[in-house]
Protein chains: 2
Amino acid sequence: MIVHSIDPYNAEPPRAALDGAALTPLDTFYSRNHGPVPRIDPRAWRLEVDGLVERTLVLSLADLRGRFDSHSVVATLVCAGNRRADLSRVRPLPGEEPWGPGAISTARWTGARLADVLAAAGVRPAAGHVAFTGPDVSPRADPPQPFGGSIPVAKAMAGEPLLAWEMNGEPLPVVHGAPVRVVVPGYIGARSVKWVRRISVQDRPSDNYFQASAYRLLPAEDHPAAAGLPLSVIALNAAILRPGDDQPLPAGPNPVSGYAVAGEDRRIARVDVSVDGGRHWQQADLGADTGPWAWRLWRATVDLPRGPAEIIARAWDTSAATQPERPEPLWNPQGYVNNSWPRVRVFGRPGPAGL
Amino acid sequence: MIVHSIDPYNAEPPRAALDGAALTPLDTFYSRNHGPVPRIDPRAWRLEVDGLVERTLVLSLADLRGRFDSHSVVATLVCAGNRRADLSRVRPLPGEEPWGPGAISTARWTGARLADVLAAAGVRPAAGHVAFTGPDVSPRADPPQPFGGSIPVAKAMAGEPLLAWEMNGEPLPVVHGAPVRVVVPGYIGARSVKWVRRISVQDRPSDNYFQASAYRLLPAEDHPAAAGLPLSVIALNAAILRPGDDQPLPAGPNPVSGYAVAGEDRRIARVDVSVDGGRHWQQADLGADTGPWAWRLWRATVDLPRGPAEIIARAWDTSAATQPERPEPLWNPQGYVNNSWPRVRVFGRPGPAGL
């Protein structure tokens with residue numbers, strides 16, 4: 001893992017470790033934390049469901065597993081700061097984790113449907129948002145407070161968000177939120193609150209620091225506090241996982257592969273690859289479709305010229321929208337949502353073909 | 001109107017005519033046709049609903065208006081070829097209408113919900129798509145056939161698609177589909193079939209020429225027949241309506257205004273304007289929110305320098321995705337979905353301010 005900080009623990013897998021695996025192994029899954037990782041006794045853990053509900057619930061892990069049907073969903077989690085490193089080369093982003101393209105991973109999550117738990121509590125008509133709070137106190141918040149965030153009630157009731165206790169068929173690891181975490185497919189990872197202990201149904205978004213102040217796309221200049229676009233649905237994005245950057249490769253045919261992801265109702269429709277700066281593109285082959293909430297892996301064989309070259313990729317979603325070309329116009333003060341064309345620099349050296 | 005062709009009749013309003021009006025007047029609404037405009041006696045008109053349904057329906061206009069509740073929705077229709085002119089300057093697009101930014105308009109549509117009519121027919125479980133056919137035979141199809149297209153059954157049942165007989169409170173004009181047209185909010189205009197006379201529920205998309213061959217985003221090169229991405233949900237887009245292109249304006253503060261549109265579940269979150277090539281951006285003020293299926297008008301006051309300048313805009317949607325920068329990498333053989341940054345060239349002349 002590439003460890004960006006130890007306390008809080010923030011680490012991403014090297015890009016090659018993500019390549020070719022539709023589900024990310026647990027020890028390769030990226031870790032994003034805002035405070036110390038809590039160790040919670042599963043027998044002592046309780047989940048409170050309150051706010052605009054007919055009846056407040058207090059659920060133990062046995063209650064959650066016993067009272068509700070268990071469901072599984074393959075979902076990609078991605079940090080809003082994924083690929084930030086390319087933005088910090090445009091203009092420095094002090095204090096922000098310099099994520100490469102590995103702040104993203106995919107698992108098969110198993111747990112109770114958030115919608116079923118909310119239905120058991122009885123959501124009142126005035127409900128607009130569902131807020132989650134964890135136990136992990138973040139010194140980054142001002143004043144320090146437990147991590148939290150919220151999603152619209154329509155998304156909470158849509159079926160795919162889970163209160164998960166299993167990941168790829170194994171018990172949820174502590175660093176990924178044991179005993180129970182929220183998983184909100186199609187939304188930025190920050191809304192999938194780990195070690196969740198309170199779910200509040202309310203008429204407005206969470207006032208938690210990580211909903212109200214952080215995880216907002218601010219304009220590059222001229223940004224009053226609490227301004228900006230609150231991040232929720234994942235924007236169309238892609239990355240090249242192989243080859244890596246600054247790698248000498250034999251000129252001629254070479255494999256290229258990566259991932260592409262489209263948030264919420266959009267799907268990946270096409271991925272293109274170019275080795276001539278985007279003048280000509282070829283279509284990549286898309287890997288298996290593992291459902292609406294998962295990334296799509298892709299691969300292509302490019303004909304690498306001799307000498308320095310850049311491999312570029314771009315994804316298209318089902319609305320026929322594609323990614324912006326350059327990171328420069330996307331720079332923003334917290335370095336979120338860099339979805340510019342992914343590029344790797346390589347050097348084609350004379351010699352036998354690379355396949 | 002700017003008339004691109006008389007037979008079939010294809011015309012768009014000049015951009016200034018769209019400016020500032022959340023609803024487009026009927027005589028300003030763009031017209032896109034693929035064959036001659038049919039004149040249909042409303043008393044003789046019948047709508048057949050067949051295919052994967054429990055019972056075939058044959059509905060007169062009186063049936064449709066009498067048996068189903070009437071609903072209204074404000075929806076923007078946009079041609080998939082809107083803003084094509086900028087793509088044809090990249091590389092010629094012979095035989096395609098050179099639409100400017102006016103192949104888009106917004107109305108309040110009133111009619112029966114498609115979902116209610118389909119529920120009355122009883123949709124069978126094997127249903128995957130809902131196909132519409134009009135009476136207007138298009139010589140462009142090979143062989144010539146009536147215009148048609150289809151949408152997924154989930155969209156057809158979602159509530160917002162209408163079988164509309166009214167537009168902005170007035171009877172639907174003949175050129176816009178009288179007596180009844182389909183309106184599919186959030187989808188490209190081609191799916192909103194005019195003068196609809198048959199609705200077929202089927203397990204696959206329509207094999208009509210305008211679904212199976214046209215209205216597909218083909219790769220720039222290397223495109224076998226029937227390849228490409230079928231266009232459905234509208235991609236994020238925007239245009240500048242004022243000022244017009246190549247206009248001399250007084251240097252100093254000048255108003256700029258336009259529209260932005262985001263398809264399906266996405267909304268417009270922000271619009272930026274730049275007068276220095278995209279190095280600095282200011283946020284525009286968004287006009288009234290007229291609902292999830294309508295464009296969002298916007299306006300800003302820019303400080304125009306003396307001499308030649310370019311005014312650029314870009315929209316952001318609620319996933320924090322924004323538009324691509326240049327039309328060149330978006331060029332495709334039928335010239336669809338140009339959603340690159342809109343630009344107008346102006347000349348700032350010394351003199352009193354323009355406000």
# chains A, B, ... in the order shown; residues from 1 in each chain; ligands from 1
call {"tool": "residues_around", "arguments": {"residues": "Tyr215 of chain B", "least_positions_apart": "5", "cutoff": "7 Å", "atoms": "only C-alpha atoms", "output": "number ranges by chain"}}
result
B: 210, 230-231
call {"tool": "select_by_dssp", "arguments": {"residues": "segment 75-232 of chain A", "states": "alpha helix (DSSP H)", "output": "list in words"}}
result
Arg84, Ala85, Asp86, Leu87, Ser88, Leu114, Ala115, Asp116, Val117, Leu118, Ala119, Ala120, Ala121, Val153, Ala154, Lys155, Ala156, Tyr209, Phe210, Gln211 and Ala212 of chain A
call {"tool": "write_last_selection", "arguments": {"atoms": "N, CA, C and O atoms", "output": "mmCIF file, in the first residue's frame"}}
result
data_model
loop_
_atom_site.group_PDB
_atom_site.id
_atom_site.type_symbol
_atom_site.label_atom_id
_atom_site.label_comp_id
_atom_site.auth_asym_id
_atom_site.auth_seq_id
_atom_site.Cartn_x
_atom_site.Cartn_y
_atom_site.Cartn_z
ATOM 1 N N ARG A 84 -6.226 13.236 -6.946
ATOM 2 C CA ARG A 84 -5.907 14.616 -6.568
ATOM 3 C C ARG A 84 -4.484 15.008 -6.948
ATOM 4 O O ARG A 84 -4.211 16.181 -7.226
ATOM 5 N N ALA A 85 -3.556 14.026 -6.954
ATOM 6 C CA ALA A 85 -2.142 14.340 -7.209
ATOM 7 C C ALA A 85 -1.972 15.166 -8.489
ATOM 8 O O ALA A 85 -1.150 16.086 -8.536
ATOM 9 N N ASP A 86 -2.786 14.865 -9.509
ATOM 10 C CA ASP A 86 -2.669 15.621 -10.771
ATOM 11 C C ASP A 86 -3.137 17.060 -10.614
ATOM 12 O O ASP A 86 -2.705 17.941 -11.372
ATOM 13 N N LEU A 87 -4.046 17.309 -9.673
ATOM 14 C CA LEU A 87 -4.478 18.690 -9.417
ATOM 15 C C LEU A 87 -3.418 19.448 -8.617
ATOM 16 O O LEU A 87 -3.220 20.647 -8.826
ATOM 17 N N SER A 88 -2.721 18.748 -7.716
ATOM 18 C CA SER A 88 -1.726 19.456 -6.901
ATOM 19 C C SER A 88 -0.497 19.816 -7.729
ATOM 20 O O SER A 88 0.284 20.677 -7.346
ATOM 21 N N LEU A 114 -30.650 -0.403 4.172
ATOM 22 C CA LEU A 114 -30.982 0.816 4.912
ATOM 23 C C LEU A 114 -32.477 1.104 4.808
ATOM 24 O O LEU A 114 -33.115 1.509 5.788
ATOM 25 N N ALA A 115 -33.054 0.876 3.623
ATOM 26 C CA ALA A 115 -34.488 1.141 3.407
ATOM 27 C C ALA A 115 -35.350 0.299 4.348
ATOM 28 O O ALA A 115 -36.370 0.776 4.863
ATOM 29 N N ASP A 116 -34.955 -0.955 4.579
ATOM 30 C CA ASP A 116 -35.735 -1.836 5.453
ATOM 31 C C ASP A 116 -35.670 -1.356 6.901
ATOM 32 O O ASP A 116 -36.665 -1.391 7.628
ATOM 33 N N VAL A 117 -34.487 -0.925 7.323
ATOM 34 C CA VAL A 117 -34.328 -0.436 8.700
ATOM 35 C C VAL A 117 -35.120 0.859 8.887
ATOM 36 O O VAL A 117 -35.816 1.038 9.893
ATOM 37 N N LEU A 118 -35.057 1.736 7.884
ATOM 38 C CA LEU A 118 -35.828 2.984 7.977
ATOM 39 C C LEU A 118 -37.327 2.691 7.958
ATOM 40 O O LEU A 118 -38.102 3.330 8.676
ATOM 41 N N ALA A 119 -37.744 1.719 7.159
ATOM 42 C CA ALA A 119 -39.166 1.368 7.116
ATOM 43 C C ALA A 119 -39.624 0.837 8.473
ATOM 44 O O ALA A 119 -40.752 1.103 8.910
ATOM 45 N N ALA A 120 -38.742 0.099 9.158
ATOM 46 C CA ALA A 120 -39.098 -0.426 10.484
ATOM 47 C C ALA A 120 -39.272 0.717 11.488
ATOM 48 O O ALA A 120 -40.097 0.631 12.409
ATOM 49 N N ALA A 121 -38.485 1.783 11.285
ATOM 50 C CA ALA A 121 -38.618 2.938 12.179
ATOM 51 C C ALA A 121 -39.812 3.807 11.776
ATOM 52 O O ALA A 121 -40.378 4.517 12.613
ATOM 53 N N VAL A 153 -33.304 11.425 1.355
ATOM 54 C CA VAL A 153 -34.115 10.300 1.820
ATOM 55 C C VAL A 153 -34.515 9.395 0.648
ATOM 56 O O VAL A 153 -34.612 8.166 0.804
ATOM 57 N N ALA A 154 -34.696 9.960 -0.550
ATOM 58 C CA ALA A 154 -35.059 9.126 -1.707
ATOM 59 C C ALA A 154 -33.943 8.125 -2.012
ATOM 60 O O ALA A 154 -34.208 6.969 -2.347
ATOM 61 N N LYS A 155 -32.693 8.567 -1.892
ATOM 62 C CA LYS A 155 -31.572 7.643 -2.101
ATOM 63 C C LYS A 155 -31.532 6.607 -0.979
ATOM 64 O O LYS A 155 -31.296 5.409 -1.233
ATOM 65 N N ALA A 156 -31.763 7.061 0.254
ATOM 66 C CA ALA A 156 -31.725 6.133 1.388
ATOM 67 C C ALA A 156 -32.766 5.030 1.231
ATOM 68 O O ALA A 156 -32.560 3.895 1.656
ATOM 69 N N TYR A 209 -19.380 18.662 9.978
ATOM 70 C CA TYR A 209 -18.310 19.352 9.250
ATOM 71 C C TYR A 209 -18.055 18.735 7.872
ATOM 72 O O TYR A 209 -17.830 19.457 6.891
ATOM 73 N N PHE A 210 -18.137 17.389 7.806
ATOM 74 C CA PHE A 210 -17.761 16.716 6.555
ATOM 75 C C PHE A 210 -18.876 16.716 5.506
ATOM 76 O O PHE A 210 -18.712 16.231 4.396
ATOM 77 N N GLN A 211 -20.030 17.254 5.883
ATOM 78 C CA GLN A 211 -21.108 17.488 4.915
ATOM 79 C C GLN A 211 -21.251 18.988 4.643
ATOM 80 O O GLN A 211 -21.421 19.407 3.504
ATOM 81 N N ALA A 212 -21.177 19.780 5.705
ATOM 82 C CA ALA A 212 -21.488 21.213 5.586
ATOM 83 C C ALA A 212 -20.294 22.048 5.131
ATOM 84 O O ALA A 212 -20.482 23.095 4.511
#
call {"tool": "atom_distance", "arguments": {"atom1": "atom CA of Arg83 of chain A", "atom2": "atom CA of Pro101 of chain A"}}
result
4.7 Å
call {"tool": "closest_residue", "arguments": {"among": "B:Phe347, B:Tyr187, B:Trp165, B:Trp293", "to": "chain A", "atoms": "only C-alpha atoms"}}
result
B:Tyr187
call {"tool": "closest_atom_pairs", "arguments": {"of": "chain A", "to": "chain B", "cutoff": "8 Å", "atoms": "only C-alpha atoms", "output": "tab-separated table"}}
result
residue	atom	partner	partner_atom	distance
A:Leu217	CA	B:Ala320	CA	7.2
A:Ala220	CA	B:Trp281	CA	7.9
A:Leu229	CA	B:Ala269	CA	6.8
A:Leu231	CA	B:Ser319	CA	6.7
A:Ser232	CA	B:Ser319	CA	6.4
A:Val233	CA	B:Ser319	CA	4.7
A:Ile234	CA	B:Ser319	CA	5.6
A:Ala235	CA	B:Ser319	CA	5.0
A:Leu236	CA	B:Ala321	CA	7.0
A:Gly263	CA	B:Ser319	CA	7.6
A:Asp265	CA	B:Asp265	CA	7.4
A:Ala269	CA	B:Leu229	CA	6.8
A:Arg270	CA	B:Leu229	CA	7.8
A:Gly278	CA	B:Pro329	CA	6.9
A:Arg279	CA	B:Pro329	CA	7.2
A:Trp281	CA	B:Ala220	CA	8.0
A:Thr318	CA	B:Val233	CA	7.1
A:Ser319	CA	B:Val233	CA	4.7
A:Ala320	CA	B:Ala235	CA	6.1
A:Ala321	CA	B:Ala235	CA	5.3
A:Thr322	CA	B:Pro324	CA	7.2
A:Gln323	CA	B:Pro324	CA	6.3
A:Pro324	CA	B:Pro324	CA	4.3
A:Glu325	CA	B:Pro324	CA	6.4
A:Pro329	CA	B:Gly278	CA	6.9
A:Val337	CA	B:Ala320	CA	7.1
A:Asn339	CA	B:Ala321	CA	7.9
call {"tool": "select_by_dssp", "arguments": {"residues": "segment 3-206 of chain A", "states": "strand (DSSP E or B)", "output": "PDB file with C-alpha atoms, in the first residue's frame"}}
result
ATOM      1  CA  VAL A   3       0.569   5.160   2.874  1.00  0.00           C
ATOM      2  CA  HIS A   4      -0.190   8.885   2.751  1.00  0.00           C
ATOM      3  CA  SER A   5      -0.540   9.238   6.524  1.00  0.00           C
ATOM      4  CA  ASN A  10      -4.809   6.897   4.732  1.00  0.00           C
ATOM      5  CA  ALA A  11      -3.482   4.480   2.150  1.00  0.00           C
ATOM      6  CA  GLU A  12      -4.118   3.438  -1.434  1.00  0.00           C
ATOM      7  CA  SER A  31      -8.354   3.219   3.430  1.00  0.00           C
ATOM      8  CA  ARG A  46     -25.685  -0.340  19.211  1.00  0.00           C
ATOM      9  CA  LEU A  47     -27.250   1.534  16.306  1.00  0.00           C
ATOM     10  CA  GLU A  48     -29.745   4.262  17.130  1.00  0.00           C
ATOM     11  CA  VAL A  49     -32.280   5.315  14.484  1.00  0.00           C
ATOM     12  CA  ASP A  50     -34.032   8.552  15.434  1.00  0.00           C
ATOM     13  CA  GLY A  51     -35.292  11.921  14.181  1.00  0.00           C
ATOM     14  CA  VAL A  53     -39.428   8.574  12.500  1.00  0.00           C
ATOM     15  CA  LEU A  57     -34.922   2.106  17.227  1.00  0.00           C
ATOM     16  CA  VAL A  58     -31.918   0.874  19.155  1.00  0.00           C
ATOM     17  CA  LEU A  59     -30.499  -2.155  17.370  1.00  0.00           C
ATOM     18  CA  SER A  60     -27.779  -4.562  18.412  1.00  0.00           C
ATOM     19  CA  SER A  70     -29.616  -9.845   4.223  1.00  0.00           C
ATOM     20  CA  HIS A  71     -28.772  -8.457   0.766  1.00  0.00           C
ATOM     21  CA  SER A  72     -25.572  -8.204  -1.280  1.00  0.00           C
ATOM     22  CA  VAL A  73     -24.482  -5.544  -3.745  1.00  0.00           C
ATOM     23  CA  VAL A  74     -21.255  -5.120  -5.701  1.00  0.00           C
ATOM     24  CA  ALA A  75     -20.332  -1.476  -5.217  1.00  0.00           C
ATOM     25  CA  THR A  76     -17.314   0.670  -5.947  1.00  0.00           C
ATOM     26  CA  LEU A  77     -16.300   3.122  -3.254  1.00  0.00           C
ATOM     27  CA  VAL A  78     -14.233   6.080  -4.396  1.00  0.00           C
ATOM     28  CA  ILE A 104     -11.024   3.563  -5.281  1.00  0.00           C
ATOM     29  CA  SER A 105     -11.886  -0.092  -4.737  1.00  0.00           C
ATOM     30  CA  THR A 106     -14.773  -2.471  -5.294  1.00  0.00           C
ATOM     31  CA  ALA A 107     -16.292  -5.125  -3.027  1.00  0.00           C
ATOM     32  CA  ARG A 108     -19.354  -7.283  -2.701  1.00  0.00           C
ATOM     33  CA  TRP A 109     -21.035  -5.873   0.405  1.00  0.00           C
ATOM     34  CA  THR A 110     -23.552  -7.822   2.448  1.00  0.00           C
ATOM     35  CA  GLY A 111     -25.873  -6.457   5.093  1.00  0.00           C
ATOM     36  CA  ALA A 112     -29.340  -5.140   5.813  1.00  0.00           C
ATOM     37  CA  ARG A 113     -30.990  -2.691   3.476  1.00  0.00           C
ATOM     38  CA  VAL A 123     -40.103   7.576   8.047  1.00  0.00           C
ATOM     39  CA  HIS A 129     -32.322  13.609   4.438  1.00  0.00           C
ATOM     40  CA  VAL A 130     -30.845  10.709   6.325  1.00  0.00           C
ATOM     41  CA  ALA A 131     -27.756  11.561   8.398  1.00  0.00           C
ATOM     42  CA  PHE A 132     -25.128   9.071   9.596  1.00  0.00           C
ATOM     43  CA  THR A 133     -22.708   9.547  12.483  1.00  0.00           C
ATOM     44  CA  GLY A 134     -19.703   7.423  13.394  1.00  0.00           C
ATOM     45  CA  PRO A 135     -17.646   7.318  16.612  1.00  0.00           C
ATOM     46  CA  ASP A 136     -14.345   8.488  15.058  1.00  0.00           C
ATOM     47  CA  VAL A 137     -13.614  12.014  16.295  1.00  0.00           C
ATOM     48  CA  SER A 138     -11.775  14.036  13.682  1.00  0.00           C
ATOM     49  CA  GLN A 145     -16.380  16.136  16.063  1.00  0.00           C
ATOM     50  CA  PRO A 146     -17.245  12.584  15.036  1.00  0.00           C
ATOM     51  CA  PHE A 147     -17.274  11.927  11.303  1.00  0.00           C
ATOM     52  CA  GLY A 148     -20.685  12.119   9.652  1.00  0.00           C
ATOM     53  CA  GLY A 149     -22.630  12.957   6.517  1.00  0.00           C
ATOM     54  CA  SER A 150     -26.038  12.570   4.916  1.00  0.00           C
ATOM     55  CA  ILE A 151     -27.870  11.490   1.778  1.00  0.00           C
ATOM     56  CA  PRO A 152     -31.313  12.442   0.427  1.00  0.00           C
ATOM     57  CA  LEU A 162     -26.747  -1.139   2.886  1.00  0.00           C
ATOM     58  CA  LEU A 163     -25.780  -1.379   6.538  1.00  0.00           C
ATOM     59  CA  ALA A 164     -23.011  -3.872   5.803  1.00  0.00           C
ATOM     60  CA  TRP A 165     -21.254  -6.355   8.056  1.00  0.00           C
ATOM     61  CA  GLU A 166     -19.560  -8.402   5.329  1.00  0.00           C
ATOM     62  CA  MET A 167     -17.156  -7.566   2.513  1.00  0.00           C
ATOM     63  CA  GLU A 170     -15.664 -12.125   4.893  1.00  0.00           C
ATOM     64  CA  PRO A 171     -16.456 -10.278   8.108  1.00  0.00           C
ATOM     65  CA  ARG A 181     -20.746   0.484   8.078  1.00  0.00           C
ATOM     66  CA  VAL A 182     -23.004   2.333   5.698  1.00  0.00           C
ATOM     67  CA  VAL A 183     -22.459   1.597   1.992  1.00  0.00           C
ATOM     68  CA  TYR A 187     -22.064   8.240  -4.059  1.00  0.00           C
ATOM     69  CA  ARG A 198     -26.534   6.777  14.716  1.00  0.00           C
ATOM     70  CA  ILE A 199     -28.914   7.308  11.800  1.00  0.00           C
ATOM     71  CA  SER A 200     -31.021  10.472  12.041  1.00  0.00           C
ATOM     72  CA  VAL A 201     -33.882  11.209   9.705  1.00  0.00           C
ATOM     73  CA  GLN A 202     -34.159  14.975   9.307  1.00  0.00           C
TER      74      GLN A 202
END
call {"tool": "atom_distance", "arguments": {"atom1": "atom CA of Asp246 of chain B", "atom2": "atom CA of Gly307 of chain B"}}
result
11.8 Å
call {"tool": "closest_residue", "arguments": {"among": "B:Ala178, B:Pro25, B:Gly100, B:Phe68", "to": "Asp41 of chain B", "atoms": "only C-alpha atoms"}}
result
B:Ala178
call {"tool": "closest_residue", "arguments": {"among": "B:Met1, B:Leu304, B:Leu52, B:Ile40", "to": "Gly351 of chain B", "atoms": "only C-alpha atoms"}}
result
B:Leu304
call {"tool": "atom_distance", "arguments": {"atom1": "atom CA of Arg91 of chain B", "atom2": "atom CA of Pro327 of chain B"}}
result
10.3 Å
call {"tool": "closest_residue", "arguments": {"among": "B:Leu26, B:Val196, B:Ala284, B:Val302", "to": "Gly169 of chain B", "atoms": "only C-alpha atoms"}}
result
B:Leu26
call {"tool": "residues_around", "arguments": {"residues": "Gly20 of chain A", "least_positions_apart": "5", "cutoff": "12 Å", "atoms": "only C-alpha atoms", "output": "VMD selection string"}}
result
chain A and resid 15 25 105 to 106 240 to 242 255 to 259 286 to 288 295 to 299
call {"tool": "closest_residue", "arguments": {"among": "B:Glu310, B:Ser213, B:Thr290, B:Trp331", "to": "Ala141 of chain B", "atoms": "only C-alpha atoms"}}
result
B:Ser213
call {"tool": "decode", "arguments": {"residues": "segment 93-112 of chain B", "atoms": "N, CA, C and O atoms", "output": "PDB file, in the first residue's frame"}}
result
ATOM      1  N   LEU B  93     -19.647  17.869 -42.026  1.00  0.00           N
ATOM      2  CA  LEU B  93     -20.686  16.875 -41.725  1.00  0.00           C
ATOM      3  C   LEU B  93     -21.759  16.978 -42.804  1.00  0.00           C
ATOM      4  O   LEU B  93     -22.866  17.458 -42.554  1.00  0.00           O
ATOM      5  N   PRO B  94     -21.411  16.528 -44.035  1.00  0.00           N
ATOM      6  CA  PRO B  94     -22.351  16.706 -45.144  1.00  0.00           C
ATOM      7  C   PRO B  94     -23.657  15.963 -44.888  1.00  0.00           C
ATOM      8  O   PRO B  94     -23.658  14.852 -44.366  1.00  0.00           O
ATOM      9  N   GLY B  95     -24.776  16.610 -45.247  1.00  0.00           N
ATOM     10  CA  GLY B  95     -26.074  15.963 -45.131  1.00  0.00           C
ATOM     11  C   GLY B  95     -26.696  16.079 -43.756  1.00  0.00           C
ATOM     12  O   GLY B  95     -27.808  15.601 -43.542  1.00  0.00           O
ATOM     13  N   GLU B  96     -25.993  16.703 -42.798  1.00  0.00           N
ATOM     14  CA  GLU B  96     -26.556  16.875 -41.451  1.00  0.00           C
ATOM     15  C   GLU B  96     -26.933  18.347 -41.256  1.00  0.00           C
ATOM     16  O   GLU B  96     -26.203  19.241 -41.660  1.00  0.00           O
ATOM     17  N   GLU B  97     -28.078  18.587 -40.624  1.00  0.00           N
ATOM     18  CA  GLU B  97     -28.526  19.963 -40.370  1.00  0.00           C
ATOM     19  C   GLU B  97     -27.491  20.699 -39.503  1.00  0.00           C
ATOM     20  O   GLU B  97     -27.106  20.189 -38.457  1.00  0.00           O
ATOM     21  N   PRO B  98     -27.074  21.896 -39.928  1.00  0.00           N
ATOM     22  CA  PRO B  98     -26.037  22.613 -39.160  1.00  0.00           C
ATOM     23  C   PRO B  98     -26.635  23.408 -37.994  1.00  0.00           C
ATOM     24  O   PRO B  98     -26.570  24.647 -37.970  1.00  0.00           O
ATOM     25  N   TRP B  99     -27.210  22.705 -37.028  1.00  0.00           N
ATOM     26  CA  TRP B  99     -27.873  23.380 -35.913  1.00  0.00           C
ATOM     27  C   TRP B  99     -26.898  24.256 -35.127  1.00  0.00           C
ATOM     28  O   TRP B  99     -25.795  23.837 -34.790  1.00  0.00           O
ATOM     29  N   GLY B 100     -27.348  25.455 -34.811  1.00  0.00           N
ATOM     30  CA  GLY B 100     -26.675  26.284 -33.822  1.00  0.00           C
ATOM     31  C   GLY B 100     -27.136  25.855 -32.434  1.00  0.00           C
ATOM     32  O   GLY B 100     -27.577  24.714 -32.236  1.00  0.00           O
ATOM     33  N   PRO B 101     -27.098  26.796 -31.464  1.00  0.00           N
ATOM     34  CA  PRO B 101     -27.495  26.437 -30.104  1.00  0.00           C
ATOM     35  C   PRO B 101     -28.991  26.563 -29.862  1.00  0.00           C
ATOM     36  O   PRO B 101     -29.428  26.538 -28.707  1.00  0.00           O
ATOM     37  N   GLY B 102     -29.800  26.675 -30.956  1.00  0.00           N
ATOM     38  CA  GLY B 102     -31.235  26.899 -30.786  1.00  0.00           C
ATOM     39  C   GLY B 102     -32.098  25.669 -31.033  1.00  0.00           C
ATOM     40  O   GLY B 102     -33.321  25.788 -31.056  1.00  0.00           O
ATOM     41  N   ALA B 103     -31.472  24.494 -31.187  1.00  0.00           N
ATOM     42  CA  ALA B 103     -32.271  23.274 -31.386  1.00  0.00           C
ATOM     43  C   ALA B 103     -32.679  22.719 -30.022  1.00  0.00           C
ATOM     44  O   ALA B 103     -32.476  21.546 -29.696  1.00  0.00           O
ATOM     45  N   ILE B 104     -33.233  23.612 -29.218  1.00  0.00           N
ATOM     46  CA  ILE B 104     -33.635  23.309 -27.843  1.00  0.00           C
ATOM     47  C   ILE B 104     -34.734  24.295 -27.465  1.00  0.00           C
ATOM     48  O   ILE B 104     -34.681  25.465 -27.878  1.00  0.00           O
ATOM     49  N   SER B 105     -35.734  23.840 -26.755  1.00  0.00           N
ATOM     50  CA  SER B 105     -36.811  24.717 -26.306  1.00  0.00           C
ATOM     51  C   SER B 105     -37.486  24.042 -25.116  1.00  0.00           C
ATOM     52  O   SER B 105     -37.294  22.846 -24.877  1.00  0.00           O
ATOM     53  N   THR B 106     -38.271  24.832 -24.397  1.00  0.00           N
ATOM     54  CA  THR B 106     -38.905  24.329 -23.173  1.00  0.00           C
ATOM     55  C   THR B 106     -40.380  24.709 -23.179  1.00  0.00           C
ATOM     56  O   THR B 106     -40.725  25.838 -23.526  1.00  0.00           O
ATOM     57  N   ALA B 107     -41.240  23.771 -22.808  1.00  0.00           N
ATOM     58  CA  ALA B 107     -42.675  24.053 -22.710  1.00  0.00           C
ATOM     59  C   ALA B 107     -43.252  23.358 -21.488  1.00  0.00           C
ATOM     60  O   ALA B 107     -42.651  22.429 -20.934  1.00  0.00           O
ATOM     61  N   ARG B 108     -44.428  23.821 -21.092  1.00  0.00           N
ATOM     62  CA  ARG B 108     -45.225  23.079 -20.126  1.00  0.00           C
ATOM     63  C   ARG B 108     -46.164  22.184 -20.927  1.00  0.00           C
ATOM     64  O   ARG B 108     -47.031  22.672 -21.655  1.00  0.00           O
ATOM     65  N   TRP B 109     -45.960  20.883 -20.839  1.00  0.00           N
ATOM     66  CA  TRP B 109     -46.719  19.902 -21.600  1.00  0.00           C
ATOM     67  C   TRP B 109     -47.846  19.348 -20.736  1.00  0.00           C
ATOM     68  O   TRP B 109     -47.649  19.094 -19.546  1.00  0.00           O
ATOM     69  N   THR B 110     -48.991  19.133 -21.325  1.00  0.00           N
ATOM     70  CA  THR B 110     -50.121  18.562 -20.596  1.00  0.00           C
ATOM     71  C   THR B 110     -50.688  17.388 -21.388  1.00  0.00           C
ATOM     72  O   THR B 110     -50.845  17.481 -22.623  1.00  0.00           O
ATOM     73  N   GLY B 111     -50.954  16.313 -20.672  1.00  0.00           N
ATOM     74  CA  GLY B 111     -51.514  15.138 -21.322  1.00  0.00           C
ATOM     75  C   GLY B 111     -51.698  14.018 -20.329  1.00  0.00           C
ATOM     76  O   GLY B 111     -51.681  14.226 -19.115  1.00  0.00           O
ATOM     77  N   ALA B 112     -51.874  12.812 -20.859  1.00  0.00           N
ATOM     78  CA  ALA B 112     -51.988  11.619 -20.016  1.00  0.00           C
ATOM     79  C   ALA B 112     -50.598  11.070 -19.739  1.00  0.00           C
ATOM     80  O   ALA B 112     -49.691  11.189 -20.573  1.00  0.00           O
TER      81      ALA B 112
END
